[in-house]
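Visitor: Can you keep this structure in mind? I'll have questions shortly.
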Amino acid sequence: WSSDVCSSDLKKIAFLTFDDGPSTTVTPQILDVLKKYNVKATFFLLGENIEKNEKSKGIVKRELNEGHAIGNHTYSHNRGNMLFPNNKVNVPAFMYDVKKNDDVLKNVLGKNFSTRVLRVPGGYMSRSYYKDPNLPEFDANLKKKNMISIDWNAEIKDSEGKRNKNSAELFSILKEQVGTKAKVVILMHDTYGKLQTANA
């Protein structure tokens, strides 16, 4: 994620980001709320979920048509530990999964559509945390493709824990996470089962 997000000018700004969509149950509710308040967000989409049905494809078109940003979150989200075997990024497999998702996005949004924005499943920061030895090769591939990896610095924790939190709990966690930060990139999820995220 870009260091200028942390720059210390006085303007407070929040970037709303949603991972793992689209879903036919949660994403439309989130889009309705964003439209009501004229707020734009970034949706990091999974190719698998885009291809689930025609309604999902229609939701992706709606996201773009309503002025939201579309990011690549890979096609498979590491199904079967394909992207990170032995907790190391498999660069060829990862870049193939990114390309596969790009192809799905072009198929839905038109051959001229492209996005430079990527969110690594689990976050790029997790690759750094685990001192992934394949990061230099991964970084070189991103640079070659002119792609930028975006993480987050606040989250509502809507995918953690054994039980679903209600919207008030999610919002309370967010306020605590944001604290006094002037600029935040907030991680949320709009996949199936995240109705409380839409409510929050």
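So you can find residues: chains in the structure tokens are A, B, ... in the order shown, residues in each start at 1, and ligands are numbered from 1 in order.
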What's the 8 Å shell around Glu63 (chain A), counting only C-alpha atoms, without same-chain residues fewer than 6 positions away, as a ChimeraX atom specification?
Guide: /A:31,43,69-70
Visitor: Next, the residues of the selection above should be written as a PDB file, in the first residue's frame with C-alpha atoms.
Guide:
ATOM      1  CA  LEU A  31     -24.005  -0.487  -3.297  1.00  0.00           C
ATOM      2  CA  PHE A  43     -14.090  -3.536  -4.669  1.00  0.00           C
ATOM      3  CA  ALA A  69     -12.985   1.313  -8.404  1.00  0.00           C
ATOM      4  CA  ILE A  70     -12.389  -2.327  -9.304  1.00  0.00           C
TER       5      ILE A  70
END
Visitor: Can you list, as a PyMOL selection string, every protein, DNA or RNA residue that comes within 8 Å of Pro121 (chain A) when you count only C-alpha atoms, leaving out same-chain residues fewer than 5 positions away?
Guide: chain A and resi 73-74+77-78
Visitor: Go ahead and write the selection's residues with C-alpha atoms as an mmCIF file, in the first residue's frame.
Guide:
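What follows is the written file part_9.cif:
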data_model
loop_
_atom_site.group_PDB
_atom_site.id
_atom_site.type_symbol
_atom_site.label_atom_id
_atom_site.label_comp_id
_atom_site.auth_asym_id
_atom_site.auth_seq_id
_atom_site.Cartn_x
_atom_site.Cartn_y
_atom_site.Cartn_z
ATOM 1 C CA HIS A 73 -8.103 -10.048 -5.649
ATOM 2 C CA THR A 74 -7.021 -13.101 -7.737
ATOM 3 C CA HIS A 77 -8.172 -16.639 -3.274
ATOM 4 C CA ASN A 78 -5.618 -19.390 -2.695
#
Visitor: Can you pull out every residue from region 11-175 of chain A that DSSP, working from the backbone, puts in alpha helix (DSSP H), and format the result as JSON, numbers by chain?
Guide: {"A": [27, 28, 29, 30, 31, 32, 33, 34, 35, 36, 47, 48, 49, 50, 54, 55, 56, 57, 58, 59, 60, 61, 62, 63, 64, 65, 91, 92, 93, 94, 95, 96, 97, 98, 99, 100, 101, 102, 103, 104, 105, 106, 107, 108, 109, 124, 125, 126, 127, 128, 129, 135, 136, 137, 138, 139, 140, 141, 142, 143, 144, 167, 168, 169, 170, 171, 172, 173, 174, 175]}
Visitor: Which value, in Å to one decimal, gives the distance between CA of Lys131 (chain A) and CA of Lys181 (chain A)?
Guide: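 So the two atoms, CA of Lys131 (chain A) and CA of Lys181 (chain A), lie 26.8 Å apart.
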Visitor: Can you tell me how far CA of Tyr130 (chain A) sits from CA of Arg116 (chain A), in Å to one decimal?
Guide: 24.9 Å
Visitor: Which residue, A:Lys12, A:Lys145, A:His189, A:Lys57, has the smallest gap to Lys106 (chain A) when you use only C-alpha atoms?
Guide: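 Closest residue, counting only C-alpha atoms: A:Lys57.
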Visitor: Could you tell me which of A:Asn72, A:Glu66, A:Asn107, A:Phe138 comes closest to Lys88 (chain A) if we count only C-alpha atoms?
Guide: A:Phe138
Visitor: Taking into account only C-alpha atoms, which residue in the set A:Asp132, A:Glu54, A:Asp19, A:Glu137 is nearest to Phe84 (chain A)?
Guide: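 Distance minimum relative to Phe84 (chain A) lands on A:Asp132.
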Visitor: Separation of CA of Ile30 (chain A) and CA of Ile148 (chain A), in Å?
Guide: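 So the answer is 25.1 Å.
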Visitor: Enumerate, as number ranges by chain, the complete set of residues in chain A that a backbone-based DSSP assignment places in strand (DSSP E or B).
Guide: A: 13-21, 42-45, 69-72, 117-118, 148-149, 154-155, 183-189
Visitor: For each of A:Val26, A:Leu34, A:Ala182, A:Met147, take the minimum atom-to-atom distance to Ala198 (chain A), counting only C-alpha atoms, then give the residue where this is smallest.
Guide: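 For Ala198 (chain A), the nearest of the given residues is A:Val26.
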Visitor: Would you mind listing what lies within 9 Å of Ile13 (chain A) as a list in words, with only C-alpha atoms counted and same-chain residues fewer than 5 positions away left out?
Guide: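 The neighbour list is Val5, Ala182, Lys183, Val184 and Val185 of chain A.
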Visitor: Take the selection from the previous step and output its residues with N, CA and C atoms, as a compact mmCIF listing (two decimals), in the first residue's frame.
Guide:
# COMPACT_ATOMS: atom_id res chain seq x y z
N VAL A 5 -0.60 7.48 1.53
CA VAL A 5 -1.82 7.36 2.33
C VAL A 5 -1.54 7.78 3.77
N ALA A 182 -5.20 9.86 10.49
CA ALA A 182 -5.79 10.86 9.58
C ALA A 182 -6.26 10.21 8.27
N LYS A 183 -5.56 9.16 7.85
CA LYS A 183 -5.91 8.50 6.59
C LYS A 183 -5.99 7.00 6.83
N VAL A 184 -7.12 6.44 6.43
CA VAL A 184 -7.32 5.02 6.65
C VAL A 184 -7.79 4.33 5.38
N VAL A 185 -7.24 3.13 5.18
CA VAL A 185 -7.75 2.21 4.16
C VAL A 185 -8.42 1.10 4.96
